[in-house]
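Peer 1: Contents are mmCIF, C-alpha atoms; file name start.cif:
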```cif
data_start
loop_
_atom_site.group_PDB
_atom_site.id
_atom_site.type_symbol
_atom_site.label_atom_id
_atom_site.label_comp_id
_atom_site.auth_asym_id
_atom_site.auth_seq_id
_atom_site.Cartn_x
_atom_site.Cartn_y
_atom_site.Cartn_z
ATOM 1 C CA SER S 1 -9.340 -104.843 61.742
ATOM 2 C CA SER S 2 -13.121 -104.999 62.047
ATOM 3 C CA PRO S 3 -15.349 -106.814 59.558
ATOM 4 C CA SER S 4 -17.123 -104.849 56.864
ATOM 5 C CA TRP S 5 -20.797 -104.025 57.464
ATOM 6 C CA LYS S 6 -22.904 -102.569 54.680
ATOM 7 C CA ALA S 7 -26.325 -102.499 53.157
ATOM 8 C CA SER S 8 -26.474 -104.364 49.865
ATOM 9 C CA GLY S 9 -24.602 -102.300 47.280
ATOM 10 C CA GLU S 10 -24.062 -99.521 49.837
ATOM 11 C CA TRP S 11 -21.181 -97.882 51.616
ATOM 12 C CA SER S 12 -19.410 -100.026 54.194
ATOM 13 C CA ASN S 13 -18.294 -98.974 57.659
ATOM 14 C CA TRP S 14 -14.781 -98.587 56.196
ATOM 15 C CA ASP S 15 -16.064 -96.195 53.507
ATOM 16 C CA ILE S 16 -17.920 -94.120 56.096
ATOM 17 C CA ASP S 17 -14.967 -94.052 58.505
ATOM 18 C CA ALA S 18 -12.577 -92.974 55.723
ATOM 19 C CA ILE S 19 -14.695 -89.853 55.179
ATOM 20 C CA THR S 20 -15.531 -89.057 58.791
ATOM 21 C CA ASN S 21 -11.927 -89.550 59.980
ATOM 22 C CA GLN S 22 -10.746 -86.883 57.523
ATOM 23 C CA TRP S 23 -13.612 -84.568 58.443
ATOM 24 C CA GLN S 24 -12.992 -84.899 62.187
ATOM 25 C CA THR S 25 -9.492 -83.461 61.855
ATOM 26 C CA THR S 26 -10.951 -80.169 60.584
ATOM 27 C CA ASP S 27 -13.167 -79.351 63.582
ATOM 28 C CA PRO S 28 -11.977 -79.724 67.208
ATOM 29 C CA THR S 29 -15.488 -79.059 68.583
ATOM 30 C CA MET S 30 -16.882 -82.373 67.405
ATOM 31 C CA TYR S 31 -16.059 -86.041 67.781
ATOM 32 C CA VAL S 32 -17.161 -88.755 65.352
ATOM 33 C CA LEU S 33 -17.386 -92.273 66.734
ATOM 34 C CA HIS S 34 -16.314 -94.998 64.316
ATOM 35 C CA ALA S 35 -19.073 -96.650 62.301
ATOM 36 C CA THR S 36 -18.949 -99.950 64.216
ATOM 37 C CA PHE S 37 -19.126 -98.256 67.633
ATOM 38 C CA LEU S 38 -22.554 -99.702 68.491
ATOM 39 C CA LEU S 39 -21.594 -103.211 67.383
ATOM 40 C CA ASP S 40 -18.401 -102.994 69.433
ATOM 41 C CA ALA S 41 -20.321 -101.545 72.407
ATOM 42 C CA GLN S 42 -22.473 -104.675 72.565
ATOM 43 C CA LYS S 43 -19.345 -106.786 73.023
ATOM 44 C CA GLN S 44 -17.326 -104.375 75.190
ATOM 45 C CA PRO S 45 -19.649 -101.885 76.918
ATOM 46 C CA ILE S 46 -17.014 -100.694 79.402
ATOM 47 C CA LYS S 47 -14.613 -99.798 76.587
ATOM 48 C CA ALA S 48 -17.464 -98.026 74.757
ATOM 49 C CA ARG S 49 -18.284 -95.966 77.869
ATOM 50 C CA GLU S 50 -14.630 -95.000 78.170
ATOM 51 C CA GLN S 51 -14.594 -93.907 74.525
ATOM 52 C CA LEU S 52 -17.690 -91.741 75.064
ATOM 53 C CA GLN S 53 -16.079 -90.159 78.130
ATOM 54 C CA LEU S 54 -12.890 -89.514 76.133
ATOM 55 C CA ALA S 55 -14.970 -87.886 73.400
ATOM 56 C CA THR S 56 -16.571 -85.530 75.930
ATOM 57 C CA THR S 57 -13.200 -84.680 77.467
ATOM 58 C CA THR S 58 -11.708 -84.061 74.012
ATOM 59 C CA ILE S 59 -14.411 -81.704 72.705
ATOM 60 C CA GLY S 60 -15.606 -80.050 75.916
ATOM 61 C CA PRO S 61 -19.167 -79.450 77.154
ATOM 62 C CA GLU S 62 -20.273 -77.466 74.087
ATOM 63 C CA GLY S 63 -19.000 -79.994 71.555
ATOM 64 C CA LYS S 64 -20.977 -82.487 69.513
ATOM 65 C CA ILE S 65 -20.585 -86.256 69.516
ATOM 66 C CA HIS S 66 -21.622 -87.788 66.204
ATOM 67 C CA MET S 67 -22.581 -91.446 66.073
ATOM 68 C CA ILE S 68 -23.083 -93.500 62.951
ATOM 69 C CA CYS S 69 -25.633 -96.121 63.976
ATOM 70 C CA TRP S 70 -25.866 -99.490 62.215
ATOM 71 C CA ILE S 71 -29.400 -100.656 63.016
ATOM 72 C CA ARG S 72 -31.229 -103.473 61.210
ATOM 73 C CA HIS S 73 -28.940 -103.222 58.143
ATOM 74 C CA HIS S 74 -29.498 -99.454 57.939
ATOM 75 C CA TRP S 75 -27.168 -96.504 58.646
ATOM 76 C CA VAL S 76 -28.637 -93.696 60.776
ATOM 77 C CA ALA S 77 -26.910 -90.507 61.980
ATOM 78 C CA ALA S 78 -27.177 -89.369 65.589
ATOM 79 C CA THR S 79 -25.714 -86.238 67.143
ATOM 80 C CA PHE S 80 -25.439 -85.829 70.919
ATOM 81 C CA HIS S 81 -25.393 -82.189 71.915
ATOM 82 C CA HIS S 82 -26.353 -80.725 75.283
ATOM 83 C CA ASP S 83 -29.419 -82.708 76.410
ATOM 84 C CA ARG S 84 -30.516 -83.893 72.955
ATOM 85 C CA MET S 85 -29.919 -86.895 70.759
ATOM 86 C CA GLU S 86 -30.678 -85.488 67.317
ATOM 87 C CA LEU S 87 -31.674 -88.311 64.991
ATOM 88 C CA ALA S 88 -31.186 -87.871 61.240
ATOM 89 C CA ASP S 89 -32.713 -90.852 59.457
ATOM 90 C CA SER S 90 -33.105 -90.972 55.679
ATOM 91 C CA ALA S 91 -35.604 -93.881 55.875
ATOM 92 C CA PRO S 92 -37.568 -93.601 59.132
ATOM 93 C CA GLY S 93 -39.220 -96.722 60.443
ATOM 94 C CA ILE S 94 -36.371 -99.192 60.055
ATOM 95 C CA ALA S 95 -34.874 -98.267 63.423
ATOM 96 C CA THR S 96 -37.589 -98.432 66.079
ATOM 97 C CA GLY S 97 -38.222 -95.952 68.858
ATOM 98 C CA LYS S 98 -37.047 -98.633 71.293
ATOM 99 C CA ASP S 99 -33.768 -99.051 69.345
ATOM 100 C CA ILE S 100 -33.128 -95.316 69.488
ATOM 101 C CA ARG S 101 -34.144 -94.965 73.155
ATOM 102 C CA THR S 102 -31.744 -97.804 74.070
ATOM 103 C CA ILE S 103 -28.874 -95.966 72.374
ATOM 104 C CA ALA S 104 -29.779 -92.650 74.029
ATOM 105 C CA ASP S 105 -29.974 -94.336 77.440
ATOM 106 C CA PHE S 106 -26.614 -96.097 76.990
ATOM 107 C CA VAL S 107 -24.878 -92.858 76.006
ATOM 108 C CA GLY S 108 -26.663 -90.989 78.789
ATOM 109 C CA ALA S 109 -25.645 -93.536 81.437
ATOM 110 C CA SER S 110 -22.059 -93.395 80.158
ATOM 111 C CA LEU S 111 -21.919 -89.598 80.387
ATOM 112 C CA GLY S 112 -24.161 -88.990 83.401
ATOM 113 C CA ARG S 113 -26.820 -87.258 81.312
ATOM 114 C CA SER S 114 -30.378 -87.774 80.156
ATOM 115 C CA TYR S 115 -31.052 -87.291 76.436
ATOM 116 C CA THR S 116 -34.288 -86.316 74.748
ATOM 117 C CA VAL S 117 -34.511 -87.922 71.309
ATOM 118 C CA VAL S 118 -35.426 -85.398 68.627
ATOM 119 C CA GLU S 119 -36.078 -86.413 65.042
ATOM 120 C CA MET S 120 -34.600 -83.954 62.580
ATOM 121 C CA ARG S 121 -35.987 -82.981 59.167
ATOM 122 C CA THR S 122 -33.766 -84.753 56.650
ATOM 123 C CA PRO S 123 -33.634 -85.529 52.967
ATOM 124 C CA ARG S 124 -35.144 -88.970 52.327
ATOM 125 C CA GLN S 125 -33.426 -91.668 50.337
ATOM 126 C CA PRO S 126 -35.422 -93.167 47.454
ATOM 127 C CA LYS S 127 -37.769 -95.937 48.547
ATOM 128 C CA ASN S 128 -36.151 -99.418 48.501
ATOM 129 C CA SER S 129 -32.732 -97.912 47.734
ATOM 130 C CA ALA S 130 -29.469 -98.731 49.500
ATOM 131 C CA GLU S 131 -28.297 -95.120 49.845
ATOM 132 C CA CYS S 132 -28.442 -94.910 53.641
ATOM 133 C CA GLY S 133 -24.644 -94.683 54.080
ATOM 134 C CA SER S 134 -24.257 -91.651 51.857
ATOM 135 C CA HIS S 135 -27.322 -90.025 53.436
ATOM 136 C CA CYS S 136 -25.970 -90.775 56.925
ATOM 137 C CA VAL S 137 -22.671 -89.007 56.207
ATOM 138 C CA ALA S 138 -24.416 -86.071 54.503
ATOM 139 C CA ASN S 139 -26.821 -85.731 57.444
ATOM 140 C CA LEU S 140 -23.896 -85.645 59.899
ATOM 141 C CA PHE S 141 -22.301 -82.816 57.910
ATOM 142 C CA LEU S 142 -25.594 -80.912 57.737
ATOM 143 C CA ASN S 143 -26.386 -81.355 61.427
ATOM 144 C CA ASN S 144 -22.887 -80.374 62.514
ATOM 145 C CA GLN S 145 -23.363 -77.052 60.709
ATOM 146 C CA GLY S 146 -26.787 -76.533 62.306
ATOM 147 C CA TRP S 147 -28.563 -76.911 58.971
ATOM 148 C CA LEU S 148 -31.019 -79.622 60.072
ATOM 149 C CA LEU S 149 -34.066 -78.521 62.024
ATOM 150 C CA PRO S 150 -36.334 -80.543 64.312
ATOM 151 C CA ARG S 151 -39.545 -81.899 62.862
ATOM 152 C CA GLU S 152 -42.535 -79.763 63.738
ATOM 153 C CA GLN S 153 -46.107 -80.505 64.696
ATOM 154 C CA GLY S 154 -48.029 -81.630 61.645
ATOM 155 C CA ASP S 155 -45.102 -83.510 60.144
ATOM 156 C CA LYS S 156 -45.804 -87.188 59.570
ATOM 157 C CA ASN S 157 -43.423 -88.170 62.377
ATOM 158 C CA PRO S 158 -43.356 -86.594 65.848
ATOM 159 C CA THR S 159 -40.632 -84.131 66.767
ATOM 160 C CA VAL S 160 -39.756 -85.991 69.964
ATOM 161 C CA LEU S 161 -39.760 -89.789 69.930
ATOM 162 C CA THR S 162 -39.480 -90.321 73.667
#
```
Using structure tokens, write down the structure from this file.

Peer 2:
Amino acid sequence: SSPSWKASGEWSNWDIDAITNQWQTTDPTMYVLHATFLLDAQKQPIKAREQLQLATTTIGPEGKIHMICWIRHHWVAATFHHDRMELADSAPGIATGKDIRTIADFVGASLGRSYTVVEMRTPRQPKNSAECGSHCVANLFLNNQGWLLPREQGDKNPTVLT
């Protein structure tokens, strides 16, 4: 069993996986990677690539791969769909553009694709709160249903980070 990773007072990877594992069984067109996928990928990149390829085979070319990203003690939701990595971050600025680009490039190299990173409009967690886990799961649900839209020109953050 993997160690528990969580923001102080926040949901752990086990809490997040308990919810997303149940949710995944309801929709065969999406695949949710476990919450420690990125941590495990650093130790075993070949196994991580194989898991990404299995996800694509399982859901088909039109499916969505959801990734719960643990970056700098912060949970961020990412959805890979077609040529986009849709980033849903409840507290932008903790994960850097370089962090996100590295993830997009790793997934792209694993699947033989190139991903454009697109920041989605998302509800924001209260400043200095530890609610990123609950926001991450909610943002995955919202994005899977197509209810999150890309940021537009004039928003404080750019639509495309790459």

Peer 1: I would like the residues chosen by the PyMOL selection byres ((chain S and resi 19-30) around 7) on the shown file; could you give them as a list in words?

Peer 2: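 Matching residues under the PyMOL selection byres ((chain S and resi 19-30) around 7) are Asp15, Ile16, Asp17, Ala18, Tyr31, Val32, Ile59, Gly63, Lys64 and Ile65 of chain S.
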
Peer 1: What is the atom CA of S:Phe80-atom CA of S:Leu149 distance in Å, reported with one decimal?

Peer 2: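 Separating atom CA of S:Phe80 from atom CA of S:Leu149 is a distance of 14.4 Å.
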
Peer 1: Out of S:Pro45, S:Asp83, S:Asn143, S:His74, which residue has the shortest atom-to-atom distance to S:Gly112 when counting only C-alpha atoms?

Peer 2: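 Result for the nearest residue to S:Gly112: S:Asp83.
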
Peer 1: Rank nothing, just name the residue among S:Gly60, S:Lys127, S:Val118, S:Val137 nearest to S:His34, using only C-alpha atoms.

Peer 2: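 Comparing S:Gly60, S:Lys127, S:Val118, S:Val137 against S:His34, the winner is S:Val137.
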
Peer 1: Got a sec: who's within 12 Å of S:Cys136, counting all atoms listed in the file, leaving out chain neighbours fewer than 6 positions off, as a ChimeraX atom specification?

Peer 2: /S:10-13,15-17,19-20,35,66-70,74-79,87-91,122-125,130,142-143

Peer 1: On this file, the PyMOL selection byres ((chain S and resi 72) around 12) gives some set of residues; write that set as a short mmCIF file (atom, residue, chain, number, x, y, z; two decimals) with C-alpha atoms, keeping the file's coordinate frame.

Peer 2:
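out-v9.cif written:
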```cif
data_model
loop_
_atom_site.label_atom_id
_atom_site.label_comp_id
_atom_site.auth_asym_id
_atom_site.auth_seq_id
_atom_site.Cartn_x
_atom_site.Cartn_y
_atom_site.Cartn_z
CA TRP S 5 -20.80 -104.02 57.46
CA LYS S 6 -22.90 -102.57 54.68
CA ALA S 7 -26.32 -102.50 53.16
CA LEU S 38 -22.55 -99.70 68.49
CA LEU S 39 -21.59 -103.21 67.38
CA CYS S 69 -25.63 -96.12 63.98
CA TRP S 70 -25.87 -99.49 62.22
CA ILE S 71 -29.40 -100.66 63.02
CA HIS S 73 -28.94 -103.22 58.14
CA HIS S 74 -29.50 -99.45 57.94
CA TRP S 75 -27.17 -96.50 58.65
CA VAL S 76 -28.64 -93.70 60.78
CA ALA S 91 -35.60 -93.88 55.88
CA PRO S 92 -37.57 -93.60 59.13
CA GLY S 93 -39.22 -96.72 60.44
CA ILE S 94 -36.37 -99.19 60.06
CA ALA S 95 -34.87 -98.27 63.42
CA THR S 96 -37.59 -98.43 66.08
CA ASP S 99 -33.77 -99.05 69.34
CA ILE S 100 -33.13 -95.32 69.49
CA CYS S 132 -28.44 -94.91 53.64
#
```

Peer 1: Within 12 Å of S:Lys47, counting all atoms listed in the file, which residues qualify if same-chain residues fewer than 6 places away don't, as a list in words?

Peer 2: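 Here the answer would be Phe37, Leu38, Asp40, Ala41, Gln53, Leu54 and Ser110 of chain S.
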
Peer 1: Report as a PDB file with C-alpha atoms, keeping the file's coordinate frame all protein, DNA and RNA residues lying within 10 Å of S:Arg49, evaluated on all atoms listed in the file, omitting residues in the same chain fewer than 6 positions from it.

Peer 2:
```pdb
ATOM      1  CA  ALA S  41     -20.321-101.545  72.407  1.00  0.00           C
ATOM      2  CA  ALA S  55     -14.970 -87.886  73.400  1.00  0.00           C
ATOM      3  CA  PHE S 106     -26.614 -96.097  76.990  1.00  0.00           C
ATOM      4  CA  VAL S 107     -24.878 -92.858  76.006  1.00  0.00           C
ATOM      5  CA  GLY S 108     -26.663 -90.989  78.789  1.00  0.00           C
ATOM      6  CA  ALA S 109     -25.645 -93.536  81.437  1.00  0.00           C
ATOM      7  CA  SER S 110     -22.059 -93.395  80.158  1.00  0.00           C
ATOM      8  CA  LEU S 111     -21.919 -89.598  80.387  1.00  0.00           C
TER       9      LEU S 111
END
```

Peer 1: At what distance in Å, to one decimal, does atom CA of S:His81 lie from atom CA of S:Gln51?

Peer 2: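 Going from atom CA of S:Gln51 over to atom CA of S:His81, I get 16.1 Å.
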
Peer 1: In Å to one decimal, how far is atom CA of S:Arg121 from atom CA of S:Gln145?

Peer 2: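 Calculated distance between atom CA of S:Gln145 and atom CA of S:Arg121 is 14.0 Å.
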